[in-house]
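Colleague: Let me begin by handing over the structure; questions about it come next.
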Amino acid sequence: MIEIDRLGRRYGSRWALSNISVRIRDASVVMVAGPNGSGKSTLFRILATAIRPHCGTATIDGWDLDRHRDDVRKSVALLTHASYLYEPLTGLENLRVFADHLDRSRDGLMPLLERVGLASRANDPVSAYSAGMRKRLSFARVLLQEPRVVMLDEPYGQLDPEGFTLVDEVVCELRERGATVLMATHQLERGTKLADSMLFLEAGRVVRTC
Amino acid sequence: MLSAAIRKEVLLQWRTKSEMVAVFVFGSASLLLFSFAVGPVADALRQFSAGFLWLALLLSSTLTLSESFHTEMEHRALEGLLLLPASARDFYYGKALANWLRLFVLGVALVPVLIVLYDAGTLRIAELLLVIALGAAGLSAPGTLYAAMTAQLRAKQTLLPLLLFPLIVPALLASVKATSLLLLGDPMGQARSWILLLVAFDAIYWSLCGLLFGRVVEE
């Protein structure tokens with residue numbers, strides 16, 4: 001369960017998020033929609049503990065984002081515009097770095113790369129990858145974490161139609177595994193088909209939920 | 001998780017090894033230019049050789065320290081790792097050890113250049129290597145912390161030396177003095193005291209910077 005209570009965050013004097021209060025039940029897919037600059041990415045970054053809120057509180061599975069950051073990080077994965085990848089390393093090596101830091105076995109890495117369609121390019125450096133391939137590798141990183149809460153910020157961005165299907169499949173797979181998925185996308189039609197509920201943001205405020 | 005951080009750094013260093021050649025050329029060029037400043041006076045060149053070695057290493061360190069965070073910031077890979085349930089301190093020590101290794105190798109590689117340009121050789125090789133190792137440790141620990149602090153700033157190349165140089169003065173002074181005594185002779189056996197001072201400052205830097213790193217990279 002994700003519980004957000006009067007959450008707010010400002011950049012300088014401008015409030016990017018203000019007075020957000022939402023409850024999200026487990027194993028559900030929530031589409032977060034809104035125009036550019038409405039606060040979607042900020043909300044995700046707060047929930048992933050990348051940045052701290054300036055007011056309000058939020059808990060994930062009972063863990064407070066501010067006080068139990070390490071516990072929250074054990075169960076949360078974030079896919080953002082930044083790929084979080086090392087350019088000089090190969091796709092496989094990038095996953096190895098994350099597997100080592102997560103203390104996970106390296107055995108399952110090639111199947112993961114196959115899952116995202118990168119097995120044949122596993123030993124190429126990321127600097128030789130296209131934007132879409134980087135996105136696929138970032139997806140593999142998210143799956144490697146086996147998270148309970150996944151935040152996907154523009155997951156369809158830079159992907160080809162095959163990649164769109166991959167995202168849909170992965171989201172369904174995560175839900176079946178019991179993970180909660182928050183997805184910010186401008187692909188409203190696709191998102192609506194996958195989502196159990198929707199959250200509309202505008203100028204940092206929740207304007208509608210359904 | 002320290003082992004994971006070290007493995008990652010070794011891999012990154014191997015993939016970016018060509019940068020080390022560029023830094024070595026920069027350090028050698030600095031030594032060459034310093035020798036021009038002194039002129040063709042053999043005694044004076046020998047006298048100042050230790051100071052110039054550490055100045056060359058210090059200037060080169062600003063390049064290598066700043067560069068060590070380039071790949072971390074390129075696609076916000078550092079943030080990706082910090083969002084894992086891994087310790088920021090382990091990340092710091094992995095990075096600082098990698099930077100130490102770079103500076104140590106660079107320092108050792110500059111010694112033959114020093115011998116050729118300044119005629120400043122010594123038979124106390126083991127002690128000289130120890131001083132270079134300790135001096136490099138004195139540069140890399142605070143250097144890694146400040147490189148992380150300035151990595152996201154536009155003026156990082158200017159700010160890093162501005163922040164770093166005043167802090168490492170004691171370690172630099174001890175390194176220069178100990179190296180100078182090893183190169184020019186040490187009739188009073190003073191080198192040991194300078195080496196111990198260097199060890200003390202290294203201990204302070206490595207423990208304090210490790211503690212502060214988590215706060216520095218938070219947000």
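Convention: chains lettered A, B, ... in structure tokens order; per-chain residue numbering from 1; ligands numbered from 1 as shown.
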Define the interface residues of chain A facing chain B as those within 12 Å, counting only C-alpha atoms, and report them as JSON, numbers by chain.

Modeller: {"A": [45, 46, 47, 48, 49, 50, 51, 52, 53, 66, 68, 69, 70, 71, 72, 73, 74, 75, 76, 77, 78, 79, 80, 81, 82, 83, 84, 85, 86, 87, 88, 89, 90, 93, 94, 95, 96, 97, 98, 99, 100, 101, 102, 103, 104, 125, 126, 127, 131, 134, 135, 138, 141, 142, 144, 145, 146, 147]}

Colleague: Mind dumping the selected residues with C-alpha atoms as an mmCIF file, in the first residue's frame?

Modeller:
```cif
data_model
loop_
_atom_site.group_PDB
_atom_site.id
_atom_site.type_symbol
_atom_site.label_atom_id
_atom_site.label_comp_id
_atom_site.auth_asym_id
_atom_site.auth_seq_id
_atom_site.Cartn_x
_atom_site.Cartn_y
_atom_site.Cartn_z
ATOM 1 C CA ARG A 45 11.301 10.835 -7.737
ATOM 2 C CA ILE A 46 9.983 11.554 -4.251
ATOM 3 C CA LEU A 47 8.441 8.084 -3.966
ATOM 4 C CA ALA A 48 11.717 6.513 -5.160
ATOM 5 C CA THR A 49 13.607 8.550 -2.480
ATOM 6 C CA ALA A 50 15.666 10.342 -5.132
ATOM 7 C CA ILE A 51 14.519 13.686 -3.691
ATOM 8 C CA ARG A 52 12.862 14.672 -0.429
ATOM 9 C CA PRO A 53 9.484 16.354 -0.152
ATOM 10 C CA ASP A 66 11.926 10.104 5.058
ATOM 11 C CA HIS A 68 13.167 4.447 6.392
ATOM 12 C CA ARG A 69 14.849 5.263 3.112
ATOM 13 C CA ASP A 70 16.866 2.027 2.932
ATOM 14 C CA ASP A 71 13.767 -0.097 3.540
ATOM 15 C CA VAL A 72 11.831 1.812 0.891
ATOM 16 C CA ARG A 73 14.700 1.376 -1.569
ATOM 17 C CA LYS A 74 14.547 -2.388 -1.122
ATOM 18 C CA SER A 75 11.074 -2.486 -2.618
ATOM 19 C CA VAL A 76 10.994 0.395 -5.107
ATOM 20 C CA ALA A 77 12.342 0.621 -8.670
ATOM 21 C CA LEU A 78 12.296 3.705 -10.853
ATOM 22 C CA LEU A 79 12.474 4.012 -14.631
ATOM 23 C CA THR A 80 13.061 7.619 -15.642
ATOM 24 C CA HIS A 81 14.184 9.699 -18.598
ATOM 25 C CA ALA A 82 17.766 9.134 -17.423
ATOM 26 C CA SER A 83 18.875 5.599 -18.193
ATOM 27 C CA TYR A 84 21.097 5.165 -15.087
ATOM 28 C CA LEU A 85 23.565 3.300 -17.307
ATOM 29 C CA TYR A 86 27.352 3.418 -17.676
ATOM 30 C CA GLU A 87 28.270 4.371 -21.261
ATOM 31 C CA PRO A 88 31.676 2.645 -21.428
ATOM 32 C CA LEU A 89 30.311 -0.689 -20.149
ATOM 33 C CA THR A 90 28.426 -3.274 -22.191
ATOM 34 C CA GLU A 93 28.274 -5.482 -17.652
ATOM 35 C CA ASN A 94 25.788 -2.778 -16.691
ATOM 36 C CA LEU A 95 23.391 -5.425 -15.427
ATOM 37 C CA ARG A 96 26.276 -7.151 -13.625
ATOM 38 C CA VAL A 97 27.062 -3.908 -11.789
ATOM 39 C CA PHE A 98 23.460 -3.655 -10.602
ATOM 40 C CA ALA A 99 23.268 -7.377 -9.761
ATOM 41 C CA ASP A 100 26.458 -7.102 -7.688
ATOM 42 C CA HIS A 101 25.123 -4.082 -5.798
ATOM 43 C CA LEU A 102 21.845 -5.904 -5.173
ATOM 44 C CA ASP A 103 23.749 -9.029 -4.124
ATOM 45 C CA ARG A 104 21.914 -11.035 -6.788
ATOM 46 C CA PRO A 125 29.044 -1.027 -25.143
ATOM 47 C CA VAL A 126 26.039 1.071 -24.181
ATOM 48 C CA SER A 127 27.606 3.980 -26.081
ATOM 49 C CA ALA A 131 17.922 5.432 -27.360
ATOM 50 C CA ARG A 134 18.953 1.979 -23.693
ATOM 51 C CA LYS A 135 15.345 2.125 -22.619
ATOM 52 C CA SER A 138 16.782 0.188 -18.257
ATOM 53 C CA ARG A 141 17.516 -3.186 -14.703
ATOM 54 C CA VAL A 142 14.085 -2.538 -13.218
ATOM 55 C CA LEU A 144 16.391 -7.282 -12.028
ATOM 56 C CA GLN A 145 15.429 -5.427 -8.860
ATOM 57 C CA GLU A 146 12.267 -7.578 -8.470
ATOM 58 C CA PRO A 147 10.519 -4.594 -6.921
#
```

Colleague: Could you give me, as a count of residues only, each residue of segment 77-176 of chain A that DSSP assigns to helix (DSSP H, G or I) when run on this structure's backbone?

Modeller: 54

Colleague: Just to confirm, what's the straight-line distance from atom CA of Pro155 of chain A to atom CA of Ala119 of chain A in Å (one decimal)?

Modeller: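 Distance between the two atoms: 20.2 Å.
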
Colleague: Please report the interatomic distance between atom CA of Val216 of chain B and atom CA of Gly8 of chain A in Å with one decimal.

Modeller: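 Answer for the atom CA of Val216 of chain B to atom CA of Gly8 of chain A separation: 22.8 Å.
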
Colleague: Give me the residues within 9 Å of Phe104 of chain B as a list in words, counting only C-alpha atoms and dropping any in the same chain fewer than 5 places off.

Modeller: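 Result of the neighbour search: Asn99, Ala109, Leu129, Ile132, Ala133, Leu134, Gly135, Ala136 and Ala137 of chain B.
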
Colleague: Pull N, CA and C atoms from the residues just selected and write them as a short mmCIF file (atom, residue, chain, number, x, y, z; two decimals), in the first residue's frame.

Modeller:
```cif
data_model
loop_
_atom_site.label_atom_id
_atom_site.label_comp_id
_atom_site.auth_asym_id
_atom_site.auth_seq_id
_atom_site.Cartn_x
_atom_site.Cartn_y
_atom_site.Cartn_z
N ASN B 99 40.42 6.01 -7.40
CA ASN B 99 41.16 7.26 -7.63
C ASN B 99 42.56 7.20 -7.03
N ALA B 109 54.68 6.48 -12.34
CA ALA B 109 55.06 6.68 -13.75
C ALA B 109 55.82 7.99 -13.95
N LEU B 129 58.08 4.71 -2.88
CA LEU B 129 56.78 4.18 -3.29
C LEU B 129 55.75 4.34 -2.17
N ILE B 132 54.67 7.94 -2.09
CA ILE B 132 53.75 8.23 -3.20
C ILE B 132 52.37 7.62 -2.91
N ALA B 133 52.36 6.40 -2.38
CA ALA B 133 51.09 5.74 -2.05
C ALA B 133 50.32 6.54 -1.00
N LEU B 134 51.03 6.98 0.04
CA LEU B 134 50.36 7.72 1.12
C LEU B 134 49.92 9.11 0.65
N GLY B 135 50.80 9.75 -0.13
CA GLY B 135 50.45 11.08 -0.66
C GLY B 135 49.26 11.00 -1.60
N ALA B 136 49.23 9.96 -2.44
CA ALA B 136 48.08 9.77 -3.36
C ALA B 136 46.81 9.53 -2.56
N ALA B 137 46.95 8.83 -1.44
CA ALA B 137 45.77 8.59 -0.58
C ALA B 137 45.28 9.90 0.01
#
```

Colleague: Give me the residues within 9 Å of Leu114 of chain B as a PyMOL selection string, counting only C-alpha atoms and dropping any in the same chain fewer than 2 places off.

Modeller: chain B and resi 28+31-32+49-50+52-53+110-112+116-121

Colleague: Store the residues picked out above in a file with C-alpha atoms, as a short mmCIF file (atom, residue, chain, number, x, y, z; two decimals), in the first residue's frame.

Modeller:
```cif
data_model
loop_
_atom_site.label_atom_id
_atom_site.label_comp_id
_atom_site.auth_asym_id
_atom_site.auth_seq_id
_atom_site.Cartn_x
_atom_site.Cartn_y
_atom_site.Cartn_z
CA SER B 28 55.08 14.95 -17.72
CA LEU B 31 57.37 18.59 -14.98
CA LEU B 32 59.04 19.71 -18.19
CA SER B 49 62.37 18.10 -7.75
CA ALA B 50 60.19 16.73 -4.93
CA PHE B 52 57.58 19.77 -8.61
CA LEU B 53 56.70 16.05 -8.59
CA LEU B 110 56.25 10.26 -13.23
CA VAL B 111 59.31 9.20 -11.21
CA PRO B 112 61.36 8.14 -14.29
CA VAL B 116 65.53 12.20 -16.52
CA LEU B 117 64.59 15.88 -16.22
CA TYR B 118 65.83 16.67 -12.71
CA ASP B 119 68.52 14.03 -12.17
CA ALA B 120 66.72 13.18 -8.92
CA GLY B 121 67.08 9.47 -8.30
#
```

Colleague: Apply DSSP to the structure's backbone, then extract all residues of segment 1-204 of chain A labelled strand (DSSP E or B) and return them as a PyMOL selection string.

Modeller: chain A and resi 2-11+14-24+29-33+55-60+63-64+76-79+90+125+149-153+180-184+197-202

Colleague: Can you write just those residues out, C-alpha atoms, as an mmCIF file, in the first residue's frame?

Modeller:
```cif
data_model
loop_
_atom_site.group_PDB
_atom_site.id
_atom_site.type_symbol
_atom_site.label_atom_id
_atom_site.label_comp_id
_atom_site.auth_asym_id
_atom_site.auth_seq_id
_atom_site.Cartn_x
_atom_site.Cartn_y
_atom_site.Cartn_z
ATOM 1 C CA ILE A 2 1.236 3.461 -0.900
ATOM 2 C CA GLU A 3 -0.141 6.259 1.273
ATOM 3 C CA ILE A 4 0.591 9.843 0.346
ATOM 4 C CA ASP A 5 -0.532 12.602 2.673
ATOM 5 C CA ARG A 6 -0.409 16.306 1.738
ATOM 6 C CA LEU A 7 2.868 15.859 -0.112
ATOM 7 C CA GLY A 8 4.559 18.954 -1.520
ATOM 8 C CA ARG A 9 7.807 19.839 -3.220
ATOM 9 C CA ARG A 10 9.067 23.112 -4.597
ATOM 10 C CA TYR A 11 11.945 24.105 -6.869
ATOM 11 C CA ARG A 14 7.652 27.394 -7.485
ATOM 12 C CA TRP A 15 5.688 24.467 -6.071
ATOM 13 C CA ALA A 16 6.087 21.504 -8.444
ATOM 14 C CA LEU A 17 3.797 19.403 -6.255
ATOM 15 C CA SER A 18 1.405 20.660 -3.690
ATOM 16 C CA ASN A 19 -0.977 19.024 -1.266
ATOM 17 C CA ILE A 20 -1.017 15.602 -2.920
ATOM 18 C CA SER A 21 -2.985 13.003 -0.946
ATOM 19 C CA VAL A 22 -3.540 9.591 -2.489
ATOM 20 C CA ARG A 23 -3.859 5.939 -1.450
ATOM 21 C CA ILE A 24 -2.783 3.248 -3.860
ATOM 22 C CA VAL A 29 -1.598 -0.385 -12.031
ATOM 23 C CA VAL A 30 -2.104 3.355 -11.685
ATOM 24 C CA MET A 31 -1.760 5.661 -14.641
ATOM 25 C CA VAL A 32 -0.536 9.120 -13.687
ATOM 26 C CA ALA A 33 -1.465 11.563 -16.421
ATOM 27 C CA CYS A 55 6.052 19.030 3.176
ATOM 28 C CA GLY A 56 3.740 16.130 3.811
ATOM 29 C CA THR A 57 4.498 12.451 4.286
ATOM 30 C CA ALA A 58 4.349 9.253 2.289
ATOM 31 C CA THR A 59 4.692 5.601 3.206
ATOM 32 C CA ILE A 60 5.268 2.517 1.088
ATOM 33 C CA TRP A 63 7.833 2.447 5.591
ATOM 34 C CA ASP A 64 8.129 6.214 5.828
ATOM 35 C CA VAL A 76 10.994 0.395 -5.107
ATOM 36 C CA ALA A 77 12.342 0.621 -8.670
ATOM 37 C CA LEU A 78 12.296 3.705 -10.853
ATOM 38 C CA LEU A 79 12.474 4.012 -14.631
ATOM 39 C CA THR A 90 28.426 -3.274 -22.191
ATOM 40 C CA PRO A 125 29.044 -1.027 -25.143
ATOM 41 C CA VAL A 149 6.560 -0.951 -6.319
ATOM 42 C CA VAL A 150 7.582 0.145 -9.813
ATOM 43 C CA MET A 151 7.479 3.678 -11.129
ATOM 44 C CA LEU A 152 7.639 4.012 -14.882
ATOM 45 C CA ASP A 153 8.106 7.554 -16.107
ATOM 46 C CA THR A 180 2.206 -2.050 -7.732
ATOM 47 C CA VAL A 181 2.911 -0.115 -10.913
ATOM 48 C CA LEU A 182 2.699 3.667 -11.253
ATOM 49 C CA MET A 183 2.986 4.718 -14.851
ATOM 50 C CA ALA A 184 3.236 8.260 -16.193
ATOM 51 C CA SER A 197 -7.107 3.493 -11.736
ATOM 52 C CA MET A 198 -5.993 6.912 -12.926
ATOM 53 C CA LEU A 199 -4.597 10.018 -11.332
ATOM 54 C CA PHE A 200 -4.665 13.321 -13.194
ATOM 55 C CA LEU A 201 -2.203 16.019 -12.188
ATOM 56 C CA GLU A 202 -2.162 19.635 -13.249
#
```

Colleague: Of the candidates B:Leu103, B:Leu63, B:Leu163, B:Leu198, which one gets nearest to Ala178 of chain B if we count only C-alpha atoms?

Modeller: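 Smallest distance to Ala178 of chain B is found for B:Leu198.
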
Colleague: Applying 9 Å and only C-alpha atoms, which residues near Gly117 of chain A remain after dropping the ones on its own chain fewer than 5 positions away? List them as a list in words.

Modeller: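 Neighbouring residues, sequence-local ones excluded: Leu112, Met133, Arg136, Leu137 and Gly163 of chain A.
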
Colleague: List as a ChimeraX atom specification the protein and nucleic acid residues near Phe24 of chain B, meaning an atom at most 10 Å away when only C-alpha atoms are counted, but skip any in the same chain fewer than 2 places from it.

Modeller: /B:19-22,26-30,56-57,60,103,105-107,109-110

Colleague: Hey, can you check how far atom CA of Gly210 of chain B sits from atom CA of Ser66 of chain B?

Modeller: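 Separating atom CA of Gly210 of chain B from atom CA of Ser66 of chain B is a distance of 17.8 Å.
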
Colleague: Of the candidates B:Leu123, B:Val199, B:Val217, B:Val10, which shows the shortest atom-to-atom distance to Leu145 of chain B, using only C-alpha atoms?

Modeller: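 Looking at the shortest contact to Leu145 of chain B, the residue is B:Val217.
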